[in-house]
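So this one's protein.csv, CSV, C-alpha atoms:
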chain,number,residue,atom,x,y,z
L,1,MET,CA,-29.0,6.0,36.8
L,2,ASN,CA,-27.3,6.1,33.4
L,3,PHE,CA,-24.1,4.9,35.0
L,4,ASN,CA,-25.9,2.0,36.5
L,5,ARG,CA,-27.2,0.9,33.1
L,6,ILE,CA,-23.8,1.2,31.5
L,7,GLY,CA,-22.4,-0.9,34.4
L,8,LYS,CA,-25.0,-3.6,33.9
L,9,LEU,CA,-24.2,-3.7,30.2
L,10,PHE,CA,-20.5,-3.8,30.8
L,11,VAL,CA,-20.2,-7.3,32.3
L,12,PRO,CA,-22.0,-9.1,29.5
L,13,LEU,CA,-20.2,-7.0,26.8
L,14,ALA,CA,-16.9,-7.7,28.4
L,15,THR,CA,-17.7,-11.4,28.6
L,16,ILE,CA,-18.6,-11.5,24.9
L,17,PHE,CA,-15.5,-9.6,24.1
L,18,ILE,CA,-13.2,-12.0,26.0
L,19,LEU,CA,-15.0,-15.0,24.4
L,20,LEU,CA,-14.5,-13.4,21.0
L,21,SER,CA,-10.9,-12.8,21.5
L,22,MET,CA,-10.4,-16.4,22.6
L,23,GLY,CA,-12.0,-17.5,19.4
L,24,GLY,CA,-8.8,-18.2,17.6
L,25,ASN,CA,-9.0,-16.1,14.4
L,26,VAL,CA,-10.1,-12.9,16.1
L,27,SER,CA,-6.9,-11.4,17.5
L,28,PRO,CA,-7.0,-9.4,20.7
L,29,VAL,CA,-7.3,-5.7,20.3
L,30,CYS,CA,-4.3,-4.9,22.4
L,31,ALA,CA,-2.0,-7.0,20.3
L,32,SER,CA,-2.7,-5.2,17.0
L,33,PRO,CA,-0.1,-2.4,16.5
L,34,THR,CA,-0.5,0.9,14.9
L,35,VAL,CA,-0.1,0.7,11.1
L,36,ALA,CA,-0.8,4.3,10.1
L,37,THR,CA,-1.7,7.7,11.5
L,38,VAL,CA,-4.2,10.3,10.4
L,39,GLN,CA,-2.3,13.3,8.9
L,40,LYS,CA,-5.1,15.3,7.4
L,41,ALA,CA,-8.9,15.3,7.9
L,42,SER,CA,-11.7,17.6,6.9
L,43,GLY,CA,-15.5,17.4,7.0
L,44,THR,CA,-17.0,14.1,8.2
L,45,ALA,CA,-14.2,11.6,8.4
L,46,ALA,CA,-14.1,8.6,10.8
L,47,ILE,CA,-12.2,5.4,11.6
L,48,VAL,CA,-14.4,2.4,12.4
L,49,ARG,CA,-12.8,-0.2,14.6
L,50,GLN,CA,-14.8,-3.3,15.6
L,51,GLY,CA,-18.1,-1.5,15.1
L,52,GLN,CA,-17.0,1.6,17.0
L,53,THR,CA,-16.8,4.9,15.1
L,54,MET,CA,-14.1,7.4,16.0
L,55,SER,CA,-14.0,10.8,14.5
L,56,ALA,CA,-10.8,11.2,12.5
L,57,THR,CA,-8.5,13.8,14.0
L,58,VAL,CA,-4.9,14.5,13.1
L,59,GLY,CA,-2.6,12.0,14.9
L,60,LEU,CA,-5.3,9.4,15.4
L,61,GLU,CA,-3.7,5.9,15.2
L,62,ILE,CA,-5.0,3.4,12.7
L,63,ARG,CA,-4.8,-0.4,13.1
L,64,GLU,CA,-5.1,-3.4,10.8
L,65,ASN,CA,-8.8,-4.2,10.0
L,66,ASP,CA,-9.9,-0.6,10.6
L,67,THR,CA,-12.2,1.0,8.1
L,68,LEU,CA,-11.7,4.6,7.0
L,69,ARG,CA,-14.9,6.3,6.1
L,70,THR,CA,-15.9,9.8,4.9
L,71,GLY,CA,-19.2,11.6,4.6
L,72,PRO,CA,-20.5,13.7,1.7
L,73,ASN,CA,-18.1,16.6,2.4
L,74,GLY,CA,-15.4,14.6,4.1
L,75,SER,CA,-11.8,13.7,3.2
L,76,ILE,CA,-8.9,12.0,5.0
L,77,GLY,CA,-5.2,11.6,4.5
L,78,VAL,CA,-3.1,9.0,6.3
L,79,ILE,CA,0.5,7.9,6.4
L,80,PHE,CA,1.4,4.2,6.9
L,81,ARG,CA,4.4,3.1,8.9
L,82,ASP,CA,6.4,2.4,5.7
L,83,ASP,CA,5.7,5.9,4.3
L,84,THR,CA,2.9,4.8,2.0
L,85,LEU,CA,0.5,7.7,1.6
L,86,LEU,CA,-3.3,7.2,1.2
L,87,SER,CA,-6.2,9.6,1.0
L,88,LEU,CA,-9.9,9.4,0.5
L,89,GLY,CA,-12.4,11.9,-1.0
L,90,PRO,CA,-16.0,12.3,0.0
L,91,GLU,CA,-18.4,9.4,0.5
L,92,SER,CA,-15.7,6.8,0.6
L,93,ALA,CA,-15.0,3.7,2.6
L,94,LEU,CA,-11.8,1.6,2.7
L,95,VAL,CA,-10.7,-1.3,4.9
L,96,ILE,CA,-7.1,-2.0,5.8
L,97,ASP,CA,-7.2,-5.7,5.3
L,98,LYS,CA,-3.5,-6.3,6.0
L,99,PHE,CA,-0.5,-4.3,6.8
L,100,VAL,CA,2.9,-5.8,7.7
L,101,PHE,CA,6.1,-3.8,7.8
L,102,ALA,CA,8.8,-5.8,9.6
L,103,PRO,CA,12.1,-5.0,8.0
L,104,GLY,CA,13.9,-7.0,10.7
L,105,GLU,CA,12.2,-10.1,9.6
L,106,GLY,CA,11.9,-9.3,5.9
L,107,LYS,CA,8.1,-9.3,6.0
L,108,PHE,CA,6.2,-6.8,4.0
L,109,SER,CA,2.6,-6.7,2.9
L,110,ILE,CA,-0.2,-4.1,2.3
L,111,VAL,CA,-3.7,-5.0,1.3
L,112,LEU,CA,-6.3,-2.3,1.1
L,113,ARG,CA,-10.0,-3.0,0.2
L,114,MET,CA,-11.9,-0.1,-1.3
L,115,ILE,CA,-15.6,-0.4,-0.8
L,116,ARG,CA,-16.6,2.8,-2.5
L,117,GLY,CA,-15.5,6.4,-3.3
L,118,THR,CA,-12.3,8.0,-4.5
L,119,ALA,CA,-8.8,7.5,-3.3
L,120,ALA,CA,-5.2,8.6,-4.0
L,121,TYR,CA,-2.2,6.5,-3.2
L,122,LEU,CA,1.5,6.9,-3.2
L,123,SER,CA,3.7,3.8,-2.6
L,124,GLY,CA,6.0,3.6,0.3
L,125,LEU,CA,8.8,1.3,1.2
L,126,ILE,CA,6.8,-1.9,1.0
L,127,SER,CA,6.5,-1.6,-2.8
L,128,LYS,CA,10.2,-1.0,-3.1
L,129,LEU,CA,11.3,-3.9,-1.0
L,130,ALA,CA,8.6,-6.5,-2.0
L,131,PRO,CA,7.1,-5.3,-5.2
L,132,ASP,CA,4.5,-8.0,-5.4
L,133,SER,CA,3.2,-7.5,-1.8
L,134,ALA,CA,1.0,-4.4,-2.4
L,135,HIS,CA,-2.6,-4.9,-3.4
L,136,PHE,CA,-5.7,-2.9,-3.7
L,137,GLU,CA,-9.0,-4.8,-3.8
L,138,THR,CA,-12.3,-3.4,-5.2
L,139,PRO,CA,-15.7,-5.1,-5.4
L,140,THR,CA,-14.9,-6.2,-9.0
L,141,ALA,CA,-11.1,-6.3,-9.4
L,142,SER,CA,-7.8,-7.0,-7.7
L,143,ILE,CA,-5.2,-4.4,-8.4
L,144,GLY,CA,-1.5,-5.1,-8.0
L,145,ILE,CA,0.7,-2.1,-7.3
L,146,ARG,CA,4.3,-1.9,-8.2
L,147,GLY,CA,5.8,1.3,-6.8
L,148,THR,CA,3.7,4.1,-8.0
L,149,ARG,CA,1.2,7.0,-7.6
L,150,PHE,CA,-2.4,6.5,-8.7
L,151,VAL,CA,-6.0,7.6,-8.1
L,152,VAL,CA,-8.9,5.2,-8.1
L,153,ARG,CA,-12.7,5.5,-8.1
L,154,VAL,CA,-15.1,2.8,-7.0
L,155,GLU,CA,-18.8,3.3,-7.6
L,156,GLY,CA,-19.8,0.7,-5.0
L,157,LYS,CA,-23.3,-0.5,-4.7
Z,1,MET,CA,-53.4,7.3,-25.5
Z,2,ARG,CA,-50.8,7.9,-28.2
Z,3,GLN,CA,-49.3,10.8,-26.2
Z,4,TRP,CA,-48.6,8.4,-23.3
Z,5,ARG,CA,-46.9,6.0,-25.6
Z,6,ASN,CA,-44.6,8.7,-26.8
Z,7,VAL,CA,-43.8,9.6,-23.2
Z,8,LEU,CA,-43.0,6.0,-22.5
Z,9,PHE,CA,-40.6,5.9,-25.5
Z,10,VAL,CA,-38.9,9.0,-24.4
Z,11,LEU,CA,-38.5,7.6,-20.9
Z,12,ILE,CA,-37.0,4.3,-22.3
Z,13,PHE,CA,-34.7,6.3,-24.5
Z,14,PHE,CA,-33.4,8.4,-21.5
Z,15,CYS,CA,-33.1,5.3,-19.5
Z,16,LEU,CA,-30.9,3.7,-22.1
Z,17,LEU,CA,-28.9,6.9,-22.4
Z,18,SER,CA,-28.2,7.3,-18.8
Z,19,GLY,CA,-27.5,3.6,-18.4
Z,20,CYS,CA,-30.0,2.9,-15.6
Z,21,GLY,CA,-31.0,-0.6,-14.8
Z,22,ALA,CA,-28.2,-3.2,-14.9
Z,23,HIS,CA,-25.5,-0.8,-15.9
Z,24,ARG,CA,-24.3,2.2,-13.9
Z,25,ALA,CA,-23.5,5.5,-15.6
Z,26,LYS,CA,-20.0,5.7,-14.1
Z,27,ARG,CA,-17.6,2.9,-14.2
Z,28,ASP,CA,-14.8,2.2,-11.7
Z,29,LEU,CA,-11.6,3.9,-12.8
Z,30,ILE,CA,-8.0,3.8,-11.9
Z,31,VAL,CA,-5.5,6.3,-13.3
Z,32,LEU,CA,-1.7,6.1,-13.1
Z,33,LEU,CA,-0.1,9.4,-12.1
Z,34,PRO,CA,3.4,10.6,-12.8
Z,35,ASP,CA,5.7,9.7,-9.9
Z,36,GLN,CA,7.8,12.5,-8.4
Z,37,ASN,CA,11.0,10.7,-8.9
Z,38,GLY,CA,10.2,10.0,-12.5
Z,39,LYS,CA,10.2,6.2,-12.0
Z,40,GLY,CA,7.0,4.9,-13.6
Z,41,GLY,CA,5.2,2.2,-11.6
Z,42,VAL,CA,3.1,-0.7,-12.9
Z,43,ILE,CA,-0.5,-1.4,-12.0
Z,44,THR,CA,-2.2,-4.7,-12.9
Z,45,VAL,CA,-6.0,-4.7,-12.8
Z,46,THR,CA,-7.4,-8.3,-12.7
Z,47,THR,CA,-11.0,-9.3,-12.7
Z,48,GLN,CA,-12.3,-12.9,-13.2
Z,49,GLY,CA,-12.6,-12.0,-16.9
Z,50,GLY,CA,-9.0,-11.1,-17.4
Z,51,SER,CA,-6.4,-8.5,-16.6
Z,52,GLN,CA,-4.8,-5.3,-18.0
Z,53,ILE,CA,-1.5,-3.7,-17.3
Z,54,LEU,CA,-1.3,0.0,-16.7
Z,55,ASP,CA,2.2,1.4,-17.0
Z,56,LYS,CA,1.9,4.8,-18.7
Z,57,PRO,CA,1.4,7.8,-16.4
Z,58,GLY,CA,-1.8,9.8,-17.4
Z,59,TYR,CA,-3.5,6.6,-18.6
Z,60,GLY,CA,-6.4,4.9,-16.9
Z,61,ILE,CA,-8.3,1.6,-16.9
Z,62,GLU,CA,-12.0,1.3,-16.5
Z,63,PHE,CA,-13.5,-1.8,-14.9
Z,64,ASP,CA,-16.8,-2.5,-13.2
Z,65,ASP,CA,-17.8,-6.1,-14.0
Z,66,LEU,CA,-16.4,-9.0,-12.2
Z,67,ASN,CA,-16.8,-11.3,-15.1
Z,68,LYS,CA,-15.6,-9.0,-17.9
Z,69,PRO,CA,-12.0,-8.1,-18.5
Z,70,PRO,CA,-11.0,-4.5,-17.7
Z,71,VAL,CA,-11.0,-2.1,-20.6
Z,72,ALA,CA,-7.6,-1.4,-22.2
Z,73,PRO,CA,-5.7,1.6,-20.9
Z,74,LYS,CA,-6.8,5.0,-22.3
Z,75,PRO,CA,-5.4,8.5,-21.8
Z,76,VAL,CA,-7.4,10.3,-19.1
Z,77,GLU,CA,-7.5,14.1,-19.3
Z,78,GLU,CA,-5.9,16.0,-16.5
Z,79,LYS,CA,-9.2,17.9,-16.0
Z,80,GLU,CA,-11.1,14.7,-15.4
Z,81,VAL,CA,-8.5,13.6,-12.9
Z,82,SER,CA,-8.7,16.9,-11.0
Z,83,ASP,CA,-12.5,17.0,-11.2
Z,84,VAL,CA,-13.1,13.5,-9.9
Z,85,PHE,CA,-10.1,13.3,-7.4
Z,86,ALA,CA,-9.6,16.9,-6.3
Z,87,ALA,CA,-10.8,16.2,-2.7
Z,88,ALA,CA,-8.7,13.0,-2.3
Z,89,LEU,CA,-5.6,14.6,-3.8
Z,90,SER,CA,-5.9,17.7,-1.7
Z,91,VAL,CA,-5.5,15.7,1.5
Z,92,LEU,CA,-2.8,13.3,0.3
Z,93,PRO,CA,-0.1,13.8,2.9
Z,94,ASP,CA,3.4,15.0,2.0
Z,95,GLN,CA,6.1,12.4,1.9
Z,96,THR,CA,7.7,12.3,5.3
Z,97,GLY,CA,10.8,10.4,4.5
Z,98,ARG,CA,10.4,8.5,7.8
Z,99,PHE,CA,12.7,5.8,6.2
Z,100,ILE,CA,15.4,6.1,3.6
Z,101,LEU,CA,16.1,3.0,1.6
Z,102,PHE,CA,19.5,2.3,-0.1
Z,103,ILE,CA,20.1,-0.8,-2.2
Z,104,LEU,CA,23.7,-1.9,-2.5
Z,105,TYR,CA,24.5,-4.3,-5.3
Z,106,PHE,CA,27.2,-7.0,-5.4
Z,107,GLU,CA,29.4,-8.7,-8.0
Z,108,ARG,CA,28.2,-12.1,-8.9
Z,109,ASN,CA,28.9,-14.8,-6.4
Z,110,THR,CA,30.8,-12.6,-4.0
Z,111,ALA,CA,30.4,-10.2,-1.1
Z,112,LYS,CA,32.2,-7.5,-3.1
Z,113,LEU,CA,30.2,-4.4,-3.8
Z,114,THR,CA,29.9,-3.2,-7.4
Z,115,HIS,CA,31.8,0.0,-8.3
Z,116,GLU,CA,28.6,2.2,-8.2
Z,117,SER,CA,27.4,0.8,-4.9
Z,118,ASN,CA,30.8,1.2,-3.3
Z,119,ASP,CA,30.5,4.9,-4.1
Z,120,LEU,CA,26.9,4.9,-2.6
Z,121,LEU,CA,28.2,3.5,0.7
Z,122,SER,CA,29.5,6.9,1.9
Z,123,GLN,CA,26.1,8.4,1.3
Z,124,VAL,CA,24.6,5.6,3.5
Z,125,GLN,CA,27.1,6.4,6.3
Z,126,LYS,CA,26.4,10.1,6.0
Z,127,THR,CA,22.6,9.5,6.1
Z,128,ILE,CA,22.8,7.4,9.2
Z,129,LYS,CA,25.0,9.9,11.0
Z,130,SER,CA,23.0,13.0,9.9
Z,131,ARG,CA,19.7,11.4,11.0
Z,132,ASN,CA,21.3,10.2,14.2
Z,133,SER,CA,19.5,7.0,13.5
Z,134,ASN,CA,19.3,4.3,16.1
Z,135,GLU,CA,17.4,1.9,13.8
Z,136,VAL,CA,19.1,0.7,10.7
Z,137,TYR,CA,18.1,-2.6,9.0
Z,138,VAL,CA,20.7,-4.4,6.9
Z,139,ALA,CA,19.2,-7.3,4.8
Z,140,GLY,CA,21.3,-9.5,2.6
Z,141,HIS,CA,20.0,-11.3,-0.5
Z,142,THR,CA,21.2,-13.2,-3.6
Z,143,ASP,CA,20.0,-14.1,-7.0
Z,144,LEU,CA,18.6,-17.5,-7.7
Z,145,VAL,CA,21.7,-19.2,-9.0
Z,146,GLY,CA,23.0,-22.1,-6.7
Z,147,THR,CA,21.5,-24.0,-3.8
Z,148,GLU,CA,19.5,-22.5,-1.0
Z,149,ALA,CA,22.2,-23.4,1.5
Z,150,TYR,CA,24.9,-21.8,-0.5
Z,151,ASN,CA,22.9,-18.6,-1.0
Z,152,ALA,CA,21.9,-18.4,2.7
Z,153,GLY,CA,25.6,-18.2,3.4
Z,154,LEU,CA,26.4,-15.8,0.6
Z,155,SER,CA,23.5,-13.4,1.6
Z,156,SER,CA,24.7,-13.5,5.2
Z,157,LYS,CA,28.2,-12.7,4.1
Z,158,ARG,CA,27.0,-9.8,2.1
Z,159,ALA,CA,24.9,-8.4,5.0
Z,160,ASN,CA,27.8,-8.7,7.4
Z,161,THR,CA,30.2,-7.1,5.0
Z,162,ILE,CA,28.0,-4.0,5.0
Z,163,ARG,CA,27.6,-4.2,8.7
Z,164,ASP,CA,31.3,-4.3,9.2
Z,165,LEU,CA,31.9,-1.4,6.8
Z,166,LEU,CA,29.3,0.7,8.6
Z,167,VAL,CA,30.7,-0.2,12.0
Z,168,SER,CA,34.3,0.7,10.9
Z,169,SER,CA,33.0,4.1,9.8
Z,170,GLY,CA,31.9,4.8,13.4
Z,171,ILE,CA,28.3,3.6,13.4
Z,172,LYS,CA,27.3,1.9,16.6
Z,173,PRO,CA,26.8,-1.8,16.2
Z,174,LYS,CA,23.7,-1.8,18.4
Z,175,THR,CA,21.9,0.5,15.9
Z,176,LEU,CA,22.3,-2.1,13.2
Z,177,PHE,CA,19.8,-4.9,12.7
Z,178,VAL,CA,21.3,-7.5,10.4
Z,179,SER,CA,19.3,-10.2,8.6
Z,180,SER,CA,19.7,-12.4,5.5
Z,181,TYR,CA,17.3,-14.3,3.3
Z,182,GLY,CA,19.4,-16.2,0.7
Z,183,LYS,CA,17.5,-16.7,-2.5
Z,184,ALA,CA,14.1,-16.5,-0.8
Z,185,ARG,CA,13.2,-12.9,-1.6
Z,186,PRO,CA,14.3,-11.8,-5.0
Z,187,LEU,CA,13.5,-8.2,-5.8
Z,188,VAL,CA,13.1,-9.1,-9.5
Z,189,PRO,CA,11.2,-12.4,-9.8
Z,190,THR,CA,13.1,-14.9,-12.0
Z,191,LYS,CA,13.1,-18.6,-12.6
Z,192,ASP,CA,15.5,-20.7,-10.5
Z,193,GLN,CA,19.1,-20.7,-11.5
Z,194,VAL,CA,18.7,-17.4,-13.5
Z,195,PRO,CA,21.5,-14.9,-12.8
Z,196,GLU,CA,20.0,-11.4,-12.0
Z,197,PRO,CA,22.3,-8.6,-10.9
Z,198,ARG,CA,19.4,-6.6,-9.3
Z,199,ASN,CA,18.8,-9.5,-6.9
Z,200,ARG,CA,22.4,-9.6,-5.6
Z,201,ARG,CA,21.9,-6.9,-3.0
Z,202,VAL,CA,21.9,-5.7,0.5
Z,203,GLU,CA,19.0,-3.4,1.5
Z,204,VAL,CA,19.8,-0.8,4.0
Z,205,ILE,CA,16.8,0.9,5.6
Z,206,VAL,CA,17.6,3.9,7.7
Z,207,ARG,CA,15.0,5.2,10.1
Do you think you could lay out the structure here as structure tokens?
Amino acid sequence: MNFNRIGKLFVPLATIFILLSMGGNVSPVCASPTVATVQKASGTAAIVRQGQTMSATVGLEIRENDTLRTGPNGSIGVIFRDDTLLSLGPESALVIDKFVFAPGEGKFSIVLRMIRGTAAYLSGLISKLAPDSAHFETPTASIGIRGTRFVVRVEGK
Amino acid sequence: MRQWRNVLFVLIFFCLLSGCGAHRAKRDLIVLLPDQNGKGGVITVTTQGGSQILDKPGYGIEFDDLNKPPVAPKPVEEKEVSDVFAAALSVLPDQTGRFILFILYFERNTAKLTHESNDLLSQVQKTIKSRNSNEVYVAGHTDLVGTEAYNAGLSSKRANTIRDLLVSSGIKPKTLFVSSYGKARPLVPTKDQVPEPRNRRVEVIVR
């Protein structure tokens, strides 16, 4: 019975999804590559992708536009493809707005948007190769990062 | 009656103290930490009200109002950093060294390596061999002196010089991915026609 209901839902959902992915500025899921992987996670920590929440486990792959989220006792540490390191403390949320690491084409960019919480960051190769291409956005400020290690707290709303 | 008025005053007083209402008690905060390799980074915090530069490890900038400039950098005590950021810092992964970057510099207007970079080359070769890497990016660049066309040629010559040197030391050509960008991607931003030794370079990224 349950299966039937899922089956009935599937067709319209799939249609909506196909329509969405044809919509131009929404890129198809399968085309977005892995930009980072979860290296450490404890407590409640999740990756939210297009409205779907996945519990963060070591090795889980992260893509562009994913949101990292932690609960009151949660924390998560990830490694980006260029060796940039990022971690979040409890009650945090951060969106990976952009990540491009294409050394063969000379294209480098990382834009992280912090919604709330605490984070620690250590620059990887992108900051060394294209120093003006690493940015951290918060609700009130834009932060340019030139090759460094820092911590940040955003109170959020 | 009077008692209640006192209570009200006390309430207002605490309200002001704790910053309830329009202002939050805690402000957003960014703290620059010392880098392992000793090279200090630079952070620029920009709001619509202005911007502040943070370049001293152990210093922090507070900001929480879109329309106000960030507060000037102040020293932040280690204890505060560890209190606020302990959880985040404890799960910051170790550096993996998935890639190793070498930057080789060139004499002005040539595809001839500087003395120091010539010495570094053997280390590049050793690293590629010891990692048994099959993915090495070689990217040529120039400073901003001269025309685009000229520098496109020069950066390509530089990249291919390194490629040839690596190949002649026994590294397989198919592991090398060569590209060049002329004056389009300076590492140190300068105005056009400004000579800058740090931009005359080939980046070798070893996976």
Could you produce a table of the residues of chain L lying within 8 Å of chain Z, with the nearest pair of atoms per residue and their separation in Å rounded to one decimal, using only C-alpha atoms, ordered by chain and increasing residue number, as a tab-separated table?
residue	atom	partner	partner_atom	distance
L:Gln39	CA	Z:Pro93	CA	6.4
L:Lys40	CA	Z:Val91	CA	5.9
L:Ala41	CA	Z:Val91	CA	7.3
L:Ser75	CA	Z:Ala88	CA	6.4
L:Ile76	CA	Z:Val91	CA	6.1
L:Gly77	CA	Z:Val91	CA	5.1
L:Val78	CA	Z:Pro93	CA	6.6
L:Ile79	CA	Z:Pro93	CA	6.9
L:Asp82	CA	Z:Phe99	CA	7.2
L:Asp83	CA	Z:Arg98	CA	6.4
L:Leu85	CA	Z:Pro93	CA	6.3
L:Leu86	CA	Z:Leu92	CA	6.2
L:Ser87	CA	Z:Leu92	CA	5.1
L:Leu88	CA	Z:Ala88	CA	4.7
L:Gly89	CA	Z:Ala88	CA	4.1
L:Pro90	CA	Z:Ala87	CA	7.0
L:Pro103	CA	Z:Tyr137	CA	6.5
L:Gly104	CA	Z:Tyr137	CA	6.3
L:Glu105	CA	Z:Ser179	CA	7.2
L:Gly106	CA	Z:Ala139	CA	7.6
L:Thr118	CA	Z:Phe85	CA	6.4
L:Ala119	CA	Z:Ala88	CA	5.6
L:Ala120	CA	Z:Ala88	CA	5.9
L:Tyr121	CA	Z:Leu92	CA	7.7
L:Leu125	CA	Z:Leu101	CA	7.5
L:Leu129	CA	Z:Leu187	CA	6.8
L:Ala130	CA	Z:Leu187	CA	6.4
L:Pro131	CA	Z:Leu187	CA	7.1
L:Pro139	CA	Z:Leu66	CA	7.9
L:Thr140	CA	Z:Leu66	CA	4.5
L:Ala141	CA	Z:Thr47	CA	4.5
L:Ser142	CA	Z:Thr46	CA	5.2
L:Ile143	CA	Z:Val45	CA	4.5
L:Gly144	CA	Z:Thr44	CA	5.0
L:Ile145	CA	Z:Ile43	CA	4.9
L:Arg146	CA	Z:Val42	CA	5.0
L:Gly147	CA	Z:Gly41	CA	4.9
L:Thr148	CA	Z:Gly41	CA	4.3
L:Arg149	CA	Z:Leu33	CA	5.3
L:Phe150	CA	Z:Leu32	CA	4.5
L:Val151	CA	Z:Val31	CA	5.4
L:Val152	CA	Z:Ile30	CA	4.1
L:Arg153	CA	Z:Leu29	CA	5.1
L:Val154	CA	Z:Asp28	CA	4.7
L:Glu155	CA	Z:Asp28	CA	5.8
Legend entry - Selected residue, from Z:Asn134, Z:Ala184, Z:Val206, Z:Leu113, that lies nearest to Lys107 of chain L when counting only C-alpha atoms: Z:Ala184
Inset, instruction - Would you list the contacts of Ser117 of chain Z as a list in words, taking every protein, DNA or RNA residue within 8 Å and counting all atoms listed in the file, but skipping same-chain residues closer than 3 positions in sequence? - result: Ile103, Leu104, Tyr105, Phe106, Leu113, Thr114, Leu120 and Leu121 of chain Z
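Excluding Thr84 of chain L itself and any same-chain residue fewer than 5 positions from it, the protein and nucleic acid residues within 6 Å of it, counting all atoms listed in the file, are L:Ile79, L:Leu122, L:Ser123, L:Gly124.
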Legend entry - Contacts of Phe108 of chain L at 7 Å (only C-alpha atoms; same-chain gap of 5+ positions) as number ranges by chain: L: 100-102, 126, 130, 133
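Here atom CA of Asn118 of chain Z stands at a distance of 23.0 Å from atom CA of Lys174 of chain Z.
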Inset, instruction - Could you give me, as a VMD selection string, the residues within 10 Å of Thr67 of chain L, counting all atoms listed in the file and dropping anything in the same chain fewer than 4 positions from it? - result: chain L and resid 46 to 51 53 62 to 63 93 to 97 112 to 115
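Computed from the coordinates, the atom CA of Pro195 of chain Z to atom CA of Asp132 of chain L distance equals 19.8 Å.
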Inset, instruction - Write out as a VMD selection string which residues come within 10 Å of Gln125 of chain Z when counting all atoms listed in the file, dropping same-chain ones fewer than 4 positions away. - result: chain Z and resid 120 to 121 129 to 130 165 to 167 169 to 171 206
Inset, instruction - Using only C-alpha atoms, find the one residue out of Z:Leu176, Z:Ile128, Z:Ala111, Z:Val76 that sits nearest to Asn151 of chain Z. - result: Z:Ala111
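Atom CA of Arg198 of chain Z to atom CA of Glu107 of chain Z spans 10.3 Å [interatomic distance, one decimal].
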